[in-house]
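Working notes, structure below.
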Amino acid sequence: MKILVSGGAGFIGSHLVDSLIKNNHQVLIVDDLSTGLEKNLNPSAKFEKISIISPDLDQAVKNFQPEAIYHLAAQKNVRTSLENPKLDAEINILGSLNLLQAALNNQVKKFIFISTGGAIYGETEIIPTPENHLEQPLSPYGLAKLTFEKYLKILSQDKMSWNVLRLANVYGPRQDPQGEAGVIAIFLDNILKNLPLKINGDGLQTRDYVYVLDVVSAAVKVLDSDKNNIYNIGTGLEKTLLDLVSALNQASQKKAEVIHRTAVIGEVRRSCLSAEAFQRDFAWQAEHDLEQGLALTYQWFQARV
Ligand SMILES: NC(=O)c1ccc[n+]([C@@H]2O[C@H](COP(=O)([O-])OP(=O)(O)OC[C@H]3O[C@@H](n4cnc5c(N)ncnc54)[C@H](O)[C@@H]3O)[C@@H](O)[C@H]2O)c1
């Protein structure tokens, strides 16, 4: 099948492209390399260095004629979205709409949107949180993701099959430890540089950490499905930051120094997704527990230095 992957030079997108290529699909990566890396590009995939907000996007879609689109390209920094909500909306809402419009113009059959769980649900009453929980985004990033989910549902009706995957906290090889990246990438980078791990507050805030290849296997499963739905993808297991630090110490065989800073106001205290609906509909299960996933991620970070 011909498949377009936006954001295919990024952390999750590049693993997805590798898996699609392995399964003999033809892939076009659309990425502006703003946070993605050239070295992540699968050499068997075609590549267009173009922004999803570009007016040339429609032509790129027309030339390739994909049957399906995975949309991962995004401004993914929560802090940036709070400081510059217009920029965030330009990419995450208008850019996404530009891609959706191109998909509809060119009779693409399937659109899979990679969304977020934690940033959409905000502080929740039910843990693990199911898809029908009230959505209370605390940032323009979460709001933009939720908004585009609704555009996708409305505009695709009867024209194109669609799925939304709301991801938990993803980690694994190729995650960028710079800036406001995933905490696991930042902590591993610090451990390898013998730097202390900085924790905001008491370290009892929780997250649901899911290994990148488990996310990819879920994303691949929806390709042939005709169910139009929103699904959470996570482990359903809540881990505190302190749990994470001890798992990282185990993976690295080191004892990292921990520094507690003042808590961040507005930071979600507990976040953990229920992926029961996806497990039921697609017979999927996260195959890597935190210990296995961290061991693989540590090996990759270690080889990189
Ligand atoms: N990493 C996580 O824990 C997590 C959790 C929930 C959701 N997500 C979502 O998954 C997707 C991928 O995230 P990631 O962690 O791999 O981040 P990433 O930054 O590694 O990947 C994003 C990719 O999109 C590209 N991109 C950004 N803006 C673009 C634009 N305007 N036009 C074209 N390309 C553009 C970047 O260059 C990069 O290659 C994002 O949509 C993100 O919101 C990630």
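Identifiers for the structure tokens are assigned positionally: chains receive A, B, ... in sequence, residues are indexed from 1 per chain, and ligands are indexed from 1 in the order shown.
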
List as a Markdown table every residue of chain A that is in contact with ligand 1, defined as an atom at most 7 Å from one of its atoms (using only C-alpha atoms and all ligand atoms), together with the nearest atom pair and the distance in Å rounded to one decimal, sorted by chain and then rising number.
| residue | atom | partner | partner_atom_place_in_ligand_line | distance |
| --- | --- | --- | --- | --- |
| A:Ser6 | CA | ligand 1 | 34 (N) | 6.1 |
| A:Gly7 | CA | ligand 1 | 24 (O) | 3.5 |
| A:Gly8 | CA | ligand 1 | 39 (O) | 5.7 |
| A:Ala9 | CA | ligand 1 | 39 (O) | 4.1 |
| A:Gly10 | CA | ligand 1 | 39 (O) | 3.2 |
| A:Phe11 | CA | ligand 1 | 16 (O) | 3.7 |
| A:Ile12 | CA | ligand 1 | 16 (O) | 3.8 |
| A:Gly13 | CA | ligand 1 | 16 (O) | 5.5 |
| A:Val30 | CA | ligand 1 | 33 (C) | 6.0 |
| A:Asp31 | CA | ligand 1 | 34 (N) | 3.6 |
| A:Asp32 | CA | ligand 1 | 33 (C) | 4.2 |
| A:Leu33 | CA | ligand 1 | 37 (O) | 3.6 |
| A:Ser34 | CA | ligand 1 | 37 (O) | 3.9 |
| A:Thr35 | CA | ligand 1 | 37 (O) | 3.9 |
| A:Gly36 | CA | ligand 1 | 39 (O) | 3.0 |
| A:Leu37 | CA | ligand 1 | 39 (O) | 6.4 |
| A:Ile50 | CA | ligand 1 | 33 (C) | 5.9 |
| A:Ser51 | CA | ligand 1 | 32 (N) | 3.3 |
| A:Ile52 | CA | ligand 1 | 32 (N) | 4.0 |
| A:Ile53 | CA | ligand 1 | 31 (N) | 5.9 |
| A:Leu72 | CA | ligand 1 | 41 (O) | 4.0 |
| A:Ala73 | CA | ligand 1 | 24 (O) | 3.4 |
| A:Ala74 | CA | ligand 1 | 27 (C) | 4.4 |
| A:Gln75 | CA | ligand 1 | 28 (N) | 5.2 |
| A:Lys76 | CA | ligand 1 | 43 (O) | 4.7 |
| A:Ile91 | CA | ligand 1 | 31 (N) | 5.3 |
| A:Gly95 | CA | ligand 1 | 31 (N) | 6.5 |
| A:Ile114 | CA | ligand 1 | 41 (O) | 5.4 |
| A:Ser115 | CA | ligand 1 | 7 (C) | 5.1 |
| A:Thr116 | CA | ligand 1 | 6 (C) | 4.0 |
| A:Gly117 | CA | ligand 1 | 6 (C) | 6.4 |
| A:Arg166 | CA | ligand 1 | 6 (C) | 6.6 |
| A:Leu167 | CA | ligand 1 | 6 (C) | 4.4 |
| A:Ala168 | CA | ligand 1 | 5 (C) | 5.5 |
| A:Asn169 | CA | ligand 1 | 3 (O) | 3.9 |
| A:Val170 | CA | ligand 1 | 3 (O) | 3.7 |
| A:Tyr171 | CA | ligand 1 | 3 (O) | 6.4 |
| A:Gln175 | CA | ligand 1 | 20 (O) | 6.5 |
| A:Asp176 | CA | ligand 1 | 20 (O) | 6.8 |
| A:Gly182 | CA | ligand 1 | 3 (O) | 6.1 |

Near A:Met1, counting only C-alpha atoms, which residues have an atom at most 12 Å away, once you skip same-chain residues fewer than 3 positions from it, shown as a ChimeraX atom specification? /A:4,20-21,23-28,64-69,108-110,223-224

Export N, CA and C atoms of the chosen residues as a JSON list (two decimals), in the first residue's frame?
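Once written, again.json looks like this:
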[["chain", "number", "residue", "atom", "x", "y", "z"],
["A", 4, "LEU", "N", 1.48, 7.73, 3.27],
["A", 4, "LEU", "CA", 2.20, 8.97, 3.61],
["A", 4, "LEU", "C", 2.32, 9.05, 5.14],
["A", 20, "LEU", "N", 6.55, -0.04, 8.53],
["A", 20, "LEU", "CA", 5.75, -0.08, 7.30],
["A", 20, "LEU", "C", 6.59, -0.57, 6.13],
["A", 21, "ILE", "N", 7.84, -0.10, 6.07],
["A", 21, "ILE", "CA", 8.74, -0.51, 4.98],
["A", 21, "ILE", "C", 9.02, -2.02, 5.10],
["A", 23, "ASN", "N", 7.08, -4.16, 6.20],
["A", 23, "ASN", "CA", 5.88, -4.88, 5.76],
["A", 23, "ASN", "C", 5.58, -4.61, 4.28],
["A", 24, "ASN", "N", 6.60, -4.16, 3.54],
["A", 24, "ASN", "CA", 6.52, -3.98, 2.08],
["A", 24, "ASN", "C", 5.58, -2.88, 1.60],
["A", 25, "HIS", "N", 5.29, -1.91, 2.44],
["A", 25, "HIS", "CA", 4.51, -0.76, 1.98],
["A", 25, "HIS", "C", 5.46, 0.25, 1.32],
["A", 26, "GLN", "N", 4.88, 1.08, 0.44],
["A", 26, "GLN", "CA", 5.66, 2.19, -0.14],
["A", 26, "GLN", "C", 5.34, 3.43, 0.69],
["A", 27, "VAL", "N", 6.39, 4.12, 1.13],
["A", 27, "VAL", "CA", 6.16, 5.21, 2.09],
["A", 27, "VAL", "C", 6.72, 6.53, 1.58],
["A", 28, "LEU", "N", 5.91, 7.58, 1.73],
["A", 28, "LEU", "CA", 6.40, 8.95, 1.53],
["A", 28, "LEU", "C", 6.42, 9.64, 2.89],
["A", 64, "PHE", "N", 2.00, 11.61, -5.08],
["A", 64, "PHE", "CA", 2.27, 10.28, -4.49],
["A", 64, "PHE", "C", 1.03, 9.38, -4.51],
["A", 65, "GLN", "N", -0.15, 9.99, -4.44],
["A", 65, "GLN", "CA", -1.42, 9.23, -4.43],
["A", 65, "GLN", "C", -1.46, 8.15, -3.33],
["A", 66, "PRO", "N", -1.31, 8.57, -2.07],
["A", 66, "PRO", "CA", -1.35, 7.56, -1.00],
["A", 66, "PRO", "C", -2.76, 7.04, -0.78],
["A", 67, "GLU", "N", -2.81, 5.79, -0.31],
["A", 67, "GLU", "CA", -4.12, 5.24, 0.09],
["A", 67, "GLU", "C", -4.39, 5.56, 1.55],
["A", 68, "ALA", "N", -3.33, 5.73, 2.31],
["A", 68, "ALA", "CA", -3.51, 6.01, 3.74],
["A", 68, "ALA", "C", -2.49, 7.07, 4.20],
["A", 69, "ILE", "N", -2.88, 7.80, 5.24],
["A", 69, "ILE", "CA", -1.98, 8.81, 5.83],
["A", 69, "ILE", "C", -1.90, 8.59, 7.34],
["A", 108, "VAL", "N", -7.84, 9.99, -0.56],
["A", 108, "VAL", "CA", -7.15, 9.08, 0.36],
["A", 108, "VAL", "C", -8.22, 8.31, 1.13],
["A", 109, "LYS", "N", -7.98, 7.01, 1.35],
["A", 109, "LYS", "CA", -9.04, 6.18, 1.95],
["A", 109, "LYS", "C", -9.01, 6.17, 3.46],
["A", 110, "LYS", "N", -7.82, 6.43, 4.03],
["A", 110, "LYS", "CA", -7.71, 6.27, 5.50],
["A", 110, "LYS", "C", -6.80, 7.34, 6.09],
["A", 223, "LEU", "N", -4.42, 0.07, 10.43],
["A", 223, "LEU", "CA", -4.34, 0.38, 9.00],
["A", 223, "LEU", "C", -5.48, -0.25, 8.20],
["A", 224, "ASP", "N", -5.79, -1.51, 8.49],
["A", 224, "ASP", "CA", -6.80, -2.21, 7.69],
["A", 224, "ASP", "C", -8.17, -2.19, 8.34]]

Between A:Lys227, A:Lys150, A:His15, A:Arg270, single out the one closest to A:Pro173, counting only C-alpha atoms. A:His15

Counting only C-alpha atoms, the option among A:Ile126, A:Ala103, A:Leu195, A:Val216 closest to A:Glu257: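 Distance minimum relative to A:Glu257 lands on A:Leu195.
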
What gap, in Å, lies between atom CA of A:Ser139 and atom CA of A:Leu237? 23.9 Å

With a cut-off of 9 Å, could you pull out the residues of stretch 155-223 of chain A touching stretch 278-286 of chain A and give me the nearest pair of atoms for each, distance in Å to one decimal, using only C-alpha atoms, ordered by chain and ascending number, as JSON lines?
{"residue": "A:Val210", "atom": "CA", "partner": "A:Ala286", "partner_atom": "CA", "distance": 7.4}
{"residue": "A:Tyr211", "atom": "CA", "partner": "A:Ala286", "partner_atom": "CA", "distance": 7.7}
{"residue": "A:Leu213", "atom": "CA", "partner": "A:Ala286", "partner_atom": "CA", "distance": 8.7}
{"residue": "A:Asp214", "atom": "CA", "partner": "A:Ala286", "partner_atom": "CA", "distance": 5.3}
{"residue": "A:Val215", "atom": "CA", "partner": "A:Ala286", "partner_atom": "CA", "distance": 7.9}
{"residue": "A:Ser217", "atom": "CA", "partner": "A:Trp284", "partner_atom": "CA", "distance": 8.1}
{"residue": "A:Ala218", "atom": "CA", "partner": "A:Trp284", "partner_atom": "CA", "distance": 6.7}
{"residue": "A:Lys221", "atom": "CA", "partner": "A:Phe282", "partner_atom": "CA", "distance": 6.9}
{"residue": "A:Val222", "atom": "CA", "partner": "A:Phe282", "partner_atom": "CA", "distance": 7.9}

Residues within 9 Å of A:Ser81, please, as a PyMOL selection string. Count only C-alpha atoms; anything in the same chain fewer than 6 positions from it doesn't count. chain A and resi 75+87-89+139-142

Grab the residues selected above and save them as an mmCIF file, in the first residue's frame with N, CA and C atoms.
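Just written: again_36.cif:
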data_model
loop_
_atom_site.group_PDB
_atom_site.id
_atom_site.type_symbol
_atom_site.label_atom_id
_atom_site.label_comp_id
_atom_site.auth_asym_id
_atom_site.auth_seq_id
_atom_site.Cartn_x
_atom_site.Cartn_y
_atom_site.Cartn_z
ATOM 1 N N GLN A 75 3.816 20.424 16.401
ATOM 2 C CA GLN A 75 4.513 21.226 17.407
ATOM 3 C C GLN A 75 4.159 20.518 18.708
ATOM 4 N N LEU A 87 1.399 30.070 17.178
ATOM 5 C CA LEU A 87 2.292 29.162 16.433
ATOM 6 C C LEU A 87 1.793 27.725 16.564
ATOM 7 N N ASP A 88 1.425 27.367 17.788
ATOM 8 C CA ASP A 88 0.943 26.004 18.031
ATOM 9 C C ASP A 88 -0.297 25.708 17.182
ATOM 10 N N ALA A 89 -1.226 26.670 17.164
ATOM 11 C CA ALA A 89 -2.469 26.462 16.399
ATOM 12 C C ALA A 89 -2.181 26.443 14.896
ATOM 13 N N SER A 139 -3.501 22.937 28.234
ATOM 14 C CA SER A 139 -2.557 23.695 27.400
ATOM 15 C C SER A 139 -3.128 23.839 25.996
ATOM 16 N N PRO A 140 -2.678 24.874 25.268
ATOM 17 C CA PRO A 140 -3.086 25.003 23.868
ATOM 18 C C PRO A 140 -2.703 23.761 23.055
ATOM 19 N N TYR A 141 -1.603 23.114 23.407
ATOM 20 C CA TYR A 141 -1.204 21.880 22.700
ATOM 21 C C TYR A 141 -2.310 20.825 22.805
ATOM 22 N N GLY A 142 -2.775 20.566 24.024
ATOM 23 C CA GLY A 142 -3.842 19.577 24.226
ATOM 24 C C GLY A 142 -5.133 20.007 23.544
#

Find the residues around A:Glu123 up to 8 Å (only C-alpha atoms counted), leave out those fewer than 6 positions away in its own chain, and share them as a count of residues only. 5

Picked from stretch 49-266 of chain A by DSSP as alpha helix (DSSP H), as a ChimeraX atom specification: /A:57-64,78-83,85-89,96-105,118-121,140-156,183-192,212-221,241-252

Nearest-residue call for A:Gln107, choices A:Asp189, A:Asp158, A:Glu48, A:Glu83, using only C-alpha atoms: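 Of A:Asp189, A:Asp158, A:Glu48, A:Glu83, the one nearest A:Gln107 is A:Asp158, counting only C-alpha atoms.
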
May I ask which of the residues A:Asn92, A:Asn200, A:Thr240, A:Asn105 is the closest one to A:Gly266, counting only C-alpha atoms? A:Asn200
